[in-house]
>>> print(open('final_10.pdb').read())   # PDB, C-alpha atoms
ATOM      1  CA  MET A 167       0.000   0.000   0.000
ATOM      2  CA  LEU A 168       1.211   3.487  -0.826
ATOM      3  CA  LYS A 169       0.603   6.766   0.877
ATOM      4  CA  ALA A 170       0.948  10.069  -0.946
ATOM      5  CA  LYS A 171       1.662  13.344   0.765
ATOM      6  CA  VAL A 172       0.532  16.145  -1.534
ATOM      7  CA  TYR A 173       1.748  19.669  -0.812
ATOM      8  CA  VAL A 174      -0.168  22.543  -2.371
ATOM      9  CA  SER A 175       1.184  26.071  -2.076
ATOM     10  CA  LEU A 176       0.478  29.446  -3.617
ATOM     11  CA  LYS A 177       2.773  30.308  -6.506
ATOM     12  CA  LYS A 178       5.724  32.507  -5.633
ATOM     13  CA  THR A 179       4.281  35.284  -7.808
ATOM     14  CA  VAL A 180       0.981  35.285  -5.889
ATOM     15  CA  VAL A 181       0.660  37.312  -2.687
ATOM     16  CA  ASP A 182      -0.322  35.144   0.306
ATOM     17  CA  PRO A 183      -2.526  37.148   2.719
ATOM     18  CA  GLN A 184      -2.620  34.280   5.249
ATOM     19  CA  GLY A 185       1.166  33.974   5.241
ATOM     20  CA  LEU A 186       1.502  37.713   5.848
ATOM     21  CA  ALA A 187      -0.937  37.537   8.774
ATOM     22  CA  VAL A 188       1.023  34.646  10.317
ATOM     23  CA  LYS A 189       4.284  36.510   9.778
ATOM     24  CA  ASN A 190       2.866  39.520  11.611
ATOM     25  CA  ALA A 191       1.704  37.287  14.462
ATOM     26  CA  LEU A 192       5.206  35.774  14.739
ATOM     27  CA  LYS A 193       6.586  39.311  14.741
ATOM     28  CA  SER A 194       4.382  40.136  17.728
ATOM     29  CA  LEU A 195       5.871  37.059  19.454
ATOM     30  CA  ASN A 196       9.331  38.642  19.055
ATOM     31  CA  TYR A 197      10.485  36.480  16.140
ATOM     32  CA  GLU A 198      10.942  39.468  13.861
ATOM     33  CA  GLN A 199      14.702  38.955  13.540
ATOM     34  CA  GLU A 200      14.447  35.265  12.703
ATOM     35  CA  VAL A 201      11.518  35.209  10.255
ATOM     36  CA  GLU A 202      12.124  36.229   6.686
ATOM     37  CA  GLU A 203       8.934  35.006   5.005
ATOM     38  CA  VAL A 204       5.872  32.859   5.786
ATOM     39  CA  ARG A 205       3.756  31.073   3.185
ATOM     40  CA  VAL A 206       0.731  28.995   4.187
ATOM     41  CA  GLY A 207      -0.072  25.914   2.114
ATOM     42  CA  LYS A 208      -1.959  22.644   2.375
ATOM     43  CA  LEU A 209      -0.938  19.067   3.063
ATOM     44  CA  ILE A 210      -3.228  16.352   1.719
ATOM     45  CA  ASP A 211      -2.650  12.700   2.737
ATOM     46  CA  ILE A 212      -3.952  10.085   0.337
ATOM     47  CA  LYS A 213      -3.814   6.342   0.957
ATOM     48  CA  LEU A 214      -3.787   4.414  -2.291
ATOM     49  CA  ASN A 215      -4.994   0.910  -3.033
ATOM     50  CA  ILE A 216      -2.142   0.368  -5.446
ATOM     51  CA  SER A 217       1.448  -0.725  -4.973
ATOM     52  CA  ASP A 218       2.983   0.239  -8.326
ATOM     53  CA  LYS A 219       4.898   3.462  -7.657
ATOM     54  CA  GLU A 220       5.044   4.595 -11.282
ATOM     55  CA  LYS A 221       1.307   4.175 -11.697
ATOM     56  CA  ALA A 222       0.719   5.972  -8.373
ATOM     57  CA  LYS A 223       2.856   8.902  -9.533
ATOM     58  CA  GLN A 224       0.803   9.282 -12.693
ATOM     59  CA  ILE A 225      -2.500   9.072 -10.845
ATOM     60  CA  ILE A 226      -1.549  11.555  -8.126
ATOM     61  CA  ASP A 227      -0.235  13.943 -10.768
ATOM     62  CA  GLN A 228      -3.595  13.791 -12.581
ATOM     63  CA  MET A 229      -5.472  14.353  -9.296
ATOM     64  CA  CYS A 230      -3.342  17.417  -8.576
ATOM     65  CA  LYS A 231      -4.000  18.879 -11.993
ATOM     66  CA  LYS A 232      -7.740  18.157 -11.983
ATOM     67  CA  LEU A 233      -8.766  18.960  -8.427
ATOM     68  CA  LEU A 234      -6.199  19.179  -5.635
ATOM     69  CA  SER A 235      -4.537  22.348  -6.928
ATOM     70  CA  ASN A 236      -5.686  25.304  -8.999
ATOM     71  CA  PRO A 237      -2.953  25.848 -11.611
ATOM     72  CA  VAL A 238      -3.862  29.541 -11.932
ATOM     73  CA  ILE A 239      -2.625  30.343  -8.425
ATOM     74  CA  GLU A 240      -1.041  27.214  -6.958
ATOM     75  CA  ASP A 241       1.929  24.860  -7.342
ATOM     76  CA  TYR A 242       2.001  21.293  -6.069
ATOM     77  CA  SER A 243       4.494  18.594  -5.204
ATOM     78  CA  PHE A 244       4.140  15.165  -3.625
ATOM     79  CA  THR A 245       6.013  12.265  -2.095
ATOM     80  CA  LEU A 246       5.079   8.584  -2.035
ATOM     81  CA  GLU A 247       5.869   6.150   0.760
ATOM     82  CA  GLU A 248       5.154   2.504   1.495
ATOM     83  CA  VAL A 249       2.836   1.860   4.430
ATOM     84  CA  LYS A 250       1.711  -1.351   6.089
ATOM     85  CA  GLU A 251      -1.844  -2.517   5.315
ATOM     86  CA  SER A 252      -2.825  -2.257   8.979
ATOM     87  CA  ASN A 253      -2.043   1.476   8.950
TER      88      ASN A 253
ATOM     89  CA  MET B 286     -38.758  33.830 -19.622
ATOM     90  CA  ARG B 287     -37.577  31.149 -17.244
ATOM     91  CA  PHE B 288     -34.673  31.217 -14.804
ATOM     92  CA  GLY B 289     -33.023  28.167 -13.236
ATOM     93  CA  VAL B 290     -31.345  28.591  -9.838
ATOM     94  CA  VAL B 291     -28.829  25.845  -9.085
ATOM     95  CA  VAL B 292     -28.826  24.578  -5.497
ATOM     96  CA  PHE B 293     -25.588  23.091  -4.174
ATOM     97  CA  PRO B 294     -25.209  21.712  -0.647
ATOM     98  CA  GLY B 295     -24.217  24.860   1.223
ATOM     99  CA  SER B 296     -25.796  27.383  -1.147
ATOM    100  CA  ASN B 297     -27.467  30.059   0.969
ATOM    101  CA  CYS B 298     -28.548  32.743  -1.494
ATOM    102  CA  ASP B 299     -30.639  30.416  -3.658
ATOM    103  CA  HIS B 300     -33.902  31.427  -1.986
ATOM    104  CA  ASP B 301     -33.015  35.132  -2.179
ATOM    105  CA  CYS B 302     -32.402  34.772  -5.924
ATOM    106  CA  PHE B 303     -35.605  32.781  -6.396
ATOM    107  CA  TYR B 304     -37.589  35.391  -4.461
ATOM    108  CA  VAL B 305     -36.266  38.355  -6.448
ATOM    109  CA  LEU B 306     -36.719  36.641  -9.815
ATOM    110  CA  ASN B 307     -40.178  35.320  -8.986
ATOM    111  CA  ASN B 308     -41.777  37.875  -6.658
ATOM    112  CA  VAL B 309     -40.067  41.097  -7.675
ATOM    113  CA  LEU B 310     -39.191  40.497 -11.325
ATOM    114  CA  LYS B 311     -42.350  38.371 -11.880
ATOM    115  CA  GLN B 312     -40.621  35.716 -13.960
ATOM    116  CA  ASP B 313     -40.865  31.951 -14.005
ATOM    117  CA  VAL B 314     -38.149  30.313 -11.872
ATOM    118  CA  LYS B 315     -37.211  26.773 -10.985
ATOM    119  CA  TYR B 316     -34.608  25.268  -8.695
ATOM    120  CA  ILE B 317     -32.056  22.930 -10.251
ATOM    121  CA  TRP B 318     -30.635  20.393  -7.793
ATOM    122  CA  HIS B 319     -26.867  19.877  -8.012
ATOM    123  CA  LYS B 320     -27.355  16.151  -8.616
ATOM    124  CA  ASP B 321     -29.533  16.735 -11.690
ATOM    125  CA  THR B 322     -27.717  15.928 -14.898
ATOM    126  CA  GLU B 323     -29.901  18.203 -17.051
ATOM    127  CA  VAL B 324     -30.616  21.891 -16.491
ATOM    128  CA  GLY B 325     -33.873  21.526 -18.416
ATOM    129  CA  ASN B 326     -35.869  24.169 -20.232
ATOM    130  CA  VAL B 327     -34.504  27.476 -18.920
ATOM    131  CA  ASP B 328     -33.260  30.711 -20.548
ATOM    132  CA  CYS B 329     -30.755  31.704 -17.892
ATOM    133  CA  ILE B 330     -28.932  29.801 -15.143
ATOM    134  CA  VAL B 331     -28.098  31.422 -11.815
ATOM    135  CA  LEU B 332     -25.288  30.010  -9.671
ATOM    136  CA  PRO B 333     -26.111  31.576  -6.296
ATOM    137  CA  GLY B 334     -23.924  32.608  -3.397
ATOM    138  CA  GLY B 335     -23.148  30.583  -0.315
ATOM    139  CA  PHE B 336     -20.554  28.084   0.819
ATOM    140  CA  SER B 337     -21.000  25.142  -1.530
ATOM    141  CA  TYR B 338     -19.438  22.010  -0.006
ATOM    142  CA  GLY B 339     -18.305  24.100   2.952
ATOM    143  CA  ASP B 340     -15.678  25.842   0.774
ATOM    144  CA  TYR B 341     -13.554  22.704   1.317
ATOM    145  CA  LEU B 342     -10.227  22.569  -0.528
ATOM    146  CA  ARG B 343     -10.877  25.866  -2.369
ATOM    147  CA  THR B 344     -14.051  27.893  -2.844
ATOM    148  CA  GLY B 345     -16.050  26.328  -5.677
ATOM    149  CA  ALA B 346     -13.514  23.534  -6.220
ATOM    150  CA  ILE B 347     -15.831  20.661  -5.255
ATOM    151  CA  ALA B 348     -19.047  22.203  -6.613
ATOM    152  CA  ARG B 349     -17.368  22.470  -9.973
ATOM    153  CA  PHE B 350     -17.534  18.657 -10.201
ATOM    154  CA  SER B 351     -21.226  18.397  -9.204
ATOM    155  CA  PRO B 352     -23.224  16.317 -11.712
ATOM    156  CA  VAL B 353     -25.157  19.403 -12.854
ATOM    157  CA  MET B 354     -22.037  21.363 -13.801
ATOM    158  CA  GLN B 355     -21.352  19.502 -17.048
ATOM    159  CA  SER B 356     -24.841  20.472 -18.160
ATOM    160  CA  VAL B 357     -24.207  24.097 -17.088
ATOM    161  CA  ILE B 358     -20.953  24.095 -19.086
ATOM    162  CA  ASP B 359     -22.715  22.685 -22.182
ATOM    163  CA  PHE B 360     -25.486  25.274 -21.748
ATOM    164  CA  SER B 361     -22.947  28.111 -21.643
ATOM    165  CA  LYS B 362     -21.050  26.784 -24.677
ATOM    166  CA  LYS B 363     -24.264  27.161 -26.681
ATOM    167  CA  GLY B 364     -24.152  30.892 -25.915
ATOM    168  CA  ARG B 365     -26.944  30.685 -23.321
ATOM    169  CA  LEU B 366     -26.838  32.967 -20.274
ATOM    170  CA  VAL B 367     -25.156  32.017 -17.006
ATOM    171  CA  ILE B 368     -24.712  34.377 -14.044
ATOM    172  CA  GLY B 369     -22.615  33.426 -11.021
ATOM    173  CA  ILE B 370     -22.951  35.535  -7.899
ATOM    174  CA  CYS B 371     -20.304  35.412  -5.149
ATOM    175  CA  ASN B 372     -19.758  31.659  -4.592
ATOM    176  CA  GLY B 373     -21.309  31.226  -8.052
ATOM    177  CA  PHE B 374     -18.511  33.403  -9.474
ATOM    178  CA  GLN B 375     -15.950  31.274  -7.624
ATOM    179  CA  ILE B 376     -17.476  28.115  -9.123
ATOM    180  CA  LEU B 377     -17.349  29.613 -12.647
ATOM    181  CA  LEU B 378     -13.639  30.353 -12.133
ATOM    182  CA  GLU B 379     -12.925  26.809 -10.915
ATOM    183  CA  ALA B 380     -14.919  25.400 -13.845
ATOM    184  CA  GLY B 381     -12.813  27.423 -16.262
ATOM    185  CA  LEU B 382     -15.842  29.251 -17.684
ATOM    186  CA  LEU B 383     -14.220  32.510 -16.587
ATOM    187  CA  PRO B 384     -10.490  33.267 -16.385
ATOM    188  CA  GLY B 385      -8.555  33.901 -13.146
ATOM    189  CA  ALA B 386      -8.913  32.652  -9.563
ATOM    190  CA  MET B 387      -9.910  33.858  -6.099
ATOM    191  CA  LEU B 388      -7.515  34.430  -3.214
ATOM    192  CA  ARG B 389      -8.213  35.184   0.436
ATOM    193  CA  ASN B 390      -9.181  38.812   1.033
ATOM    194  CA  LYS B 391      -6.067  40.915   1.483
ATOM    195  CA  ASN B 392      -6.951  41.795   5.099
ATOM    196  CA  VAL B 393      -7.820  38.119   5.884
ATOM    197  CA  HIS B 394     -11.284  39.179   7.085
ATOM    198  CA  PHE B 395     -14.727  38.095   5.973
ATOM    199  CA  ILE B 396     -16.135  41.336   4.562
ATOM    200  CA  CYS B 397     -19.894  41.921   4.701
ATOM    201  CA  LYS B 398     -20.956  45.455   3.801
ATOM    202  CA  HIS B 399     -22.388  47.696   1.114
ATOM    203  CA  VAL B 400     -19.811  48.847  -1.425
ATOM    204  CA  HIS B 401     -19.929  51.040  -4.500
ATOM    205  CA  ILE B 402     -19.078  49.532  -7.854
ATOM    206  CA  LYS B 403     -18.681  51.231 -11.202
ATOM    207  CA  LEU B 404     -20.185  49.827 -14.368
ATOM    208  CA  LEU B 405     -17.613  49.651 -17.153
ATOM    209  CA  ASN B 406     -19.488  47.706 -19.786
ATOM    210  CA  ASN B 407     -23.216  48.111 -20.412
ATOM    211  CA  ASN B 408     -23.040  46.217 -23.680
ATOM    212  CA  THR B 409     -23.750  42.807 -22.109
ATOM    213  CA  PRO B 410     -26.927  40.744 -21.656
ATOM    214  CA  PHE B 411     -26.652  41.470 -17.911
ATOM    215  CA  THR B 412     -26.148  45.234 -17.920
ATOM    216  CA  ASN B 413     -27.953  46.624 -20.977
ATOM    217  CA  LEU B 414     -30.410  48.715 -18.910
ATOM    218  CA  TYR B 415     -27.631  50.615 -17.111
ATOM    219  CA  LYS B 416     -25.608  53.523 -18.412
ATOM    220  CA  LYS B 417     -21.842  53.240 -18.722
ATOM    221  CA  ASP B 418     -20.061  54.648 -15.639
ATOM    222  CA  ASP B 419     -23.176  54.174 -13.464
ATOM    223  CA  VAL B 420     -22.188  53.691  -9.816
ATOM    224  CA  LEU B 421     -24.177  51.030  -7.957
ATOM    225  CA  LYS B 422     -24.492  50.477  -4.221
ATOM    226  CA  ILE B 423     -24.467  46.698  -3.706
ATOM    227  CA  PRO B 424     -23.479  44.517  -0.724
ATOM    228  CA  ILE B 425     -20.547  42.123  -0.734
ATOM    229  CA  ALA B 426     -20.201  39.191   1.679
ATOM    230  CA  HIS B 427     -17.119  37.075   1.143
ATOM    231  CA  ASN B 428     -13.840  35.769   2.475
ATOM    232  CA  GLU B 429     -12.283  34.972  -0.910
ATOM    233  CA  GLY B 430     -13.038  37.880  -3.221
ATOM    234  CA  ASN B 431      -9.472  38.876  -3.927
ATOM    235  CA  TYR B 432      -9.619  38.303  -7.675
ATOM    236  CA  TYR B 433      -6.324  37.238  -9.211
ATOM    237  CA  ILE B 434      -5.272  37.077 -12.827
ATOM    238  CA  ASP B 435      -1.781  37.370 -14.301
ATOM    239  CA  GLU B 436      -0.728  40.419 -16.336
ATOM    240  CA  LYS B 437      -1.276  38.729 -19.654
ATOM    241  CA  GLY B 438      -4.766  37.664 -18.621
ATOM    242  CA  LEU B 439      -5.590  41.156 -17.389
ATOM    243  CA  LYS B 440      -4.492  42.609 -20.713
ATOM    244  CA  THR B 441      -6.827  40.204 -22.530
ATOM    245  CA  LEU B 442      -9.722  41.129 -20.199
ATOM    246  CA  LYS B 443      -9.189  44.806 -20.987
ATOM    247  CA  GLU B 444      -8.782  44.313 -24.730
ATOM    248  CA  ASN B 445     -12.053  42.397 -24.925
ATOM    249  CA  ASN B 446     -13.924  44.771 -22.615
ATOM    250  CA  GLN B 447     -14.590  41.859 -20.227
ATOM    251  CA  ILE B 448     -14.324  43.841 -16.997
ATOM    252  CA  VAL B 449     -17.944  44.689 -16.213
ATOM    253  CA  PHE B 450     -17.720  45.980 -12.616
ATOM    254  CA  GLN B 451     -14.896  47.653 -10.689
ATOM    255  CA  TYR B 452     -14.906  48.534  -6.984
ATOM    256  CA  CYS B 453     -14.768  52.299  -6.415
ATOM    257  CA  ALA B 454     -12.658  51.586  -3.294
ATOM    258  CA  ASN B 455     -10.910  48.211  -3.318
ATOM    259  CA  PRO B 456     -12.178  46.190  -0.303
ATOM    260  CA  ASN B 457     -10.322  42.901  -0.813
ATOM    261  CA  GLY B 458      -7.150  43.384  -2.845
ATOM    262  CA  ALA B 459      -8.635  42.322  -6.195
ATOM    263  CA  VAL B 460      -6.447  42.911  -9.241
ATOM    264  CA  ASP B 461      -7.414  46.152 -11.000
ATOM    265  CA  ASN B 462     -10.358  46.606  -8.547
ATOM    266  CA  ILE B 463     -12.241  43.879 -10.409
ATOM    267  CA  ALA B 464     -15.682  43.034  -8.968
ATOM    268  CA  GLY B 465     -17.207  41.298 -11.995
ATOM    269  CA  ILE B 466     -16.235  39.993 -15.423
ATOM    270  CA  VAL B 467     -17.802  38.331 -18.446
ATOM    271  CA  ASN B 468     -16.279  35.653 -20.641
ATOM    272  CA  LYS B 469     -14.981  36.620 -24.078
ATOM    273  CA  GLU B 470     -18.307  35.722 -25.698
ATOM    274  CA  GLY B 471     -20.192  37.832 -23.147
ATOM    275  CA  ASN B 472     -22.801  35.222 -22.141
ATOM    276  CA  VAL B 473     -21.287  34.251 -18.772
ATOM    277  CA  LEU B 474     -21.060  36.817 -15.961
ATOM    278  CA  GLY B 475     -19.359  36.357 -12.600
ATOM    279  CA  MET B 476     -19.622  38.998  -9.886
ATOM    280  CA  MET B 477     -18.770  39.106  -6.188
ATOM    281  CA  PRO B 478     -21.406  41.700  -5.117
ATOM    282  CA  HIS B 479     -24.965  40.463  -4.466
ATOM    283  CA  PRO B 480     -27.605  42.023  -6.773
ATOM    284  CA  GLU B 481     -30.303  39.813  -5.192
ATOM    285  CA  ARG B 482     -29.662  41.586  -1.880
ATOM    286  CA  SER B 483     -30.080  44.976  -3.514
ATOM    287  CA  SER B 484     -33.227  44.639  -5.577
ATOM    288  CA  GLU B 485     -35.708  46.288  -3.213
ATOM    289  CA  THR B 486     -35.573  49.646  -1.461
ATOM    290  CA  GLU B 487     -36.464  47.939   1.832
ATOM    291  CA  LEU B 488     -33.009  46.371   1.797
ATOM    292  CA  GLY B 489     -31.220  49.679   1.455
ATOM    293  CA  SER B 490     -30.602  49.661  -2.276
ATOM    294  CA  GLN B 491     -32.361  48.750  -5.488
ATOM    295  CA  ASP B 492     -29.265  49.230  -7.631
ATOM    296  CA  GLY B 493     -28.807  45.540  -8.429
ATOM    297  CA  PHE B 494     -32.296  44.955  -9.788
ATOM    298  CA  LEU B 495     -31.512  46.117 -13.331
ATOM    299  CA  ILE B 496     -29.064  43.229 -13.699
ATOM    300  CA  PHE B 497     -31.966  40.769 -13.558
ATOM    301  CA  LYS B 498     -34.206  43.052 -15.606
ATOM    302  CA  SER B 499     -31.470  43.415 -18.240
ATOM    303  CA  ILE B 500     -31.398  39.628 -18.605
ATOM    304  CA  VAL B 501     -35.155  39.542 -19.268
ATOM    305  CA  GLU B 502     -34.844  42.457 -21.686
ATOM    306  CA  TRP B 503     -32.034  40.703 -23.572
ATOM    307  CA  VAL B 504     -33.712  37.291 -23.694
ATOM    308  CA  GLU B 505     -37.069  38.702 -24.794
ATOM    309  CA  ARG B 506     -35.470  40.866 -27.434
ATOM    310  CA  LYS B 507     -33.537  37.881 -28.712
ATOM    311  CA  VAL B 508     -36.594  35.661 -28.702
ATOM    312  CA  GLY B 509     -38.382  38.468 -30.548
ATOM    313  CA  ILE B 510     -35.671  38.505 -33.191
ATOM    314  CA  SER B 511     -35.741  34.759 -33.650
ATOM    315  CA  ARG B 512     -39.525  34.804 -33.958
ATOM    316  CA  LEU B 513     -39.196  37.475 -36.655
ATOM    317  CA  GLU B 514     -36.669  35.271 -38.434
ATOM    318  CA  ASP B 515     -39.141  32.407 -38.164
ATOM    319  CA  ARG B 516     -41.813  34.588 -39.713
ATOM    320  CA  GLU B 517     -39.516  35.610 -42.551
ATOM    321  CA  ALA B 518     -38.653  31.990 -43.114
ATOM    322  CA  LEU B 519     -42.381  31.228 -43.376
ATOM    323  CA  LEU B 520     -42.876  33.937 -45.997
TER     324      LEU B 520
END
>>> encode(input="final_10.pdb", output="structure tokens")
Amino acid sequence: MLKAKVYVSLKKTVVDPQGLAVKNALKSLNYEQEVEEVRVGKLIDIKLNISDKEKAKQIIDQMCKKLLSNPVIEDYSFTLEEVKESN
Amino acid sequence: MRFGVVVFPGSNCDHDCFYVLNNVLKQDVKYIWHKDTEVGNVDCIVLPGGFSYGDYLRTGAIARFSPVMQSVIDFSKKGRLVIGICNGFQILLEAGLLPGAMLRNKNVHFICKHVHIKLLNNNTPFTNLYKKDDVLKIPIAHNEGNYYIDEKGLKTLKENNQIVFQYCANPNGAVDNIAGIVNKEGNVLGMMPHPERSSETELGSQDGFLIFKSIVEWVERKVGISRLEDREALL
């Protein structure tokens, strides 16, 4: 069994209002010196009923393009890992 | 004429739209359930505001794959009229019927208030009863109304006169103050402000009513033309 971790984030060229708000909150917690930039994204976990990694890659890529990300404003990346059936 | 108001799980302006179209505008209206695969015999489809599918993933992202949407897309490709209001606009963007995307409001607040918008294009089926440069007082109520489009896309919008409404004072960070756009063909309108909440003086403004009336005007004029063509064909 494979598990995919899909990361969706706003494109670098797109302003991230949530990230800015979080950055300001960190600033108020005295992390101003340490924090350069904050971007908020999404992590989507998907358990797959397939074991073929190549096939899984193709399928997850299609899912990202069709639904999980909006290509107008977002980029995506993902990793695949083996998990035990009982998980 | 007959309007169809699509109801998604989480729509909350569907009844407001139905009420204005039926009780104020005095037109025939029917609800179209999101699981229906046919939109049926209607002249204009309304995608109402609300929080379809709880705004999960992205606003409009799940609704876009509702069974009814393929029929809405086919309907629009035939040049028939589709208007998306607020969440309806977001769904049209996700469905690719209009260009661009919505981001969180710049101030990360849900904004619910009356705003002023300027009418840039009155040569559309949705705005033909207004005058160019008219300023309308219409409420907005959204968390993701920060319209985004890249520079190339914005240039195309301007060249084709697709920007229909602009905010007089930008409330949400939208590119070029954009509050509403039409597709290149002009038969699909998406707008963040709520004309159904500004169609009666009791609600503080009647400025949105002419959007619905314009649709009737346009459809009836068009039907009139086609009937004339039919008559000519008979002669």
>>> closest_atom_pairs(input="final_10.pdb", of="chain A", to="chain B", cutoff="8 Å", atoms="all atoms listed in the file", output="tab-separated table")
residue	atom	partner	partner_atom	distance
A:Asp182	CA	B:Arg389	CA	7.9
A:Pro183	CA	B:Lys391	CA	5.3
A:Gln184	CA	B:Val393	CA	6.5
A:Ala187	CA	B:Val393	CA	7.5
A:Leu233	CA	B:Ala346	CA	7.0
A:Leu234	CA	B:Leu342	CA	7.3
A:Asn236	CA	B:Glu379	CA	7.6
A:Val238	CA	B:Ala386	CA	6.4
A:Ile239	CA	B:Ala386	CA	6.8
>>> resolve_selection(input="final_10.pdb", expression="the PyMOL selection byres ((chain B and resi 322) around 7)", output="list of chain:residue names")
B:Lys320, B:Asp321, B:Glu323, B:Val324, B:Pro352, B:Val353, B:Ser356
>>> resolve_selection(input="final_10.pdb", expression="the PyMOL selection byres ((chain B and resi 407-413) around 7)", output="ChimeraX atom specification")
/B:404-406,414-417,471-472,496-497,499-500,503
>>> resolve_selection(input="final_10.pdb", expression="the PyMOL selection byres ((chain A and resi 188) around 12)", output="VMD selection string")
(chain A and resid 182 to 187 189 to 195 197 to 198 201 to 206) or (chain B and resid 392 to 393)
>>> closest_residue(input="final_10.pdb", among="B:Ile463, B:Cys302, B:Cys453, B:Val290", to="B:Gly493", atoms="all atoms listed in the file")
B:Cys302
>>> closest_residue(input="final_10.pdb", among="A:Lys232, A:Asn215, A:Ser243, A:Lys250", to="B:Ala380", atoms="all atoms listed in the file")
A:Lys232
>>> atom_distance(input="final_10.pdb", atom1="atom CA of B:Cys298", atom2="atom CA of B:Lys469")
26.6 Å
>>> axis_aligned_box(input="final_10.pdb", around="stretch 202-215 of chain A", padding_each_side="3 Å", output="lines of an AutoDock Vina configuration file")
center_x = 3.6
center_y = 18.6
center_z = 1.8
size_x = 23.1
size_y = 41.3
size_z = 15.7
>>> atom_distance(input="final_10.pdb", atom1="atom CA of B:Asn308", atom2="atom CA of B:Gly335")
21.0 Å
>>> residues_near_point(input="final_10.pdb", point="(-36.4, 42.2, -12.5)", cutoff="7 Å", atoms="all atoms listed in the file", output="list in words")
Leu306, Val309, Leu310, Phe494, Leu495, Phe497 and Lys498 of chain B
>>> residues_around(input="final_10.pdb", residues="A:Ile226", least_positions_apart="6", cutoff="9 Å", atoms="all atoms listed in the file", output="VMD selection string")
chain A and resid 170 172 212 244
>>> residues_near_point(input="final_10.pdb", point="(-18.1, 27.6, -4.4)", cutoff="8 Å", atoms="only C-alpha atoms", output="list in words")
Gly334, Gly335, Phe336, Ser337, Tyr338, Asp340, Arg343, Thr344, Gly345, Ala346, Ile347, Ala348, Arg349, Asn372, Gly373, Phe374, Gln375 and Ile376 of chain B
>>> closest_residue(input="final_10.pdb", among="B:Val305, B:Val504, B:Ser490, B:Ile448", to="B:Arg287", atoms="only C-alpha atoms")
B:Val504
>>> residues_around(input="final_10.pdb", residues="A:Tyr173", least_positions_apart="3", cutoff="10 Å", atoms="all atoms listed in the file", output="list in words")
Ala170, Gly207, Lys208, Leu209, Ile210, Asp211, Cys230, Leu234, Ser235, Asp241, Tyr242, Ser243, Phe244 and Thr245 of chain A
>>> atom_distance(input="final_10.pdb", atom1="atom CA of A:Lys219", atom2="atom CA of A:Met167")
9.7 Å
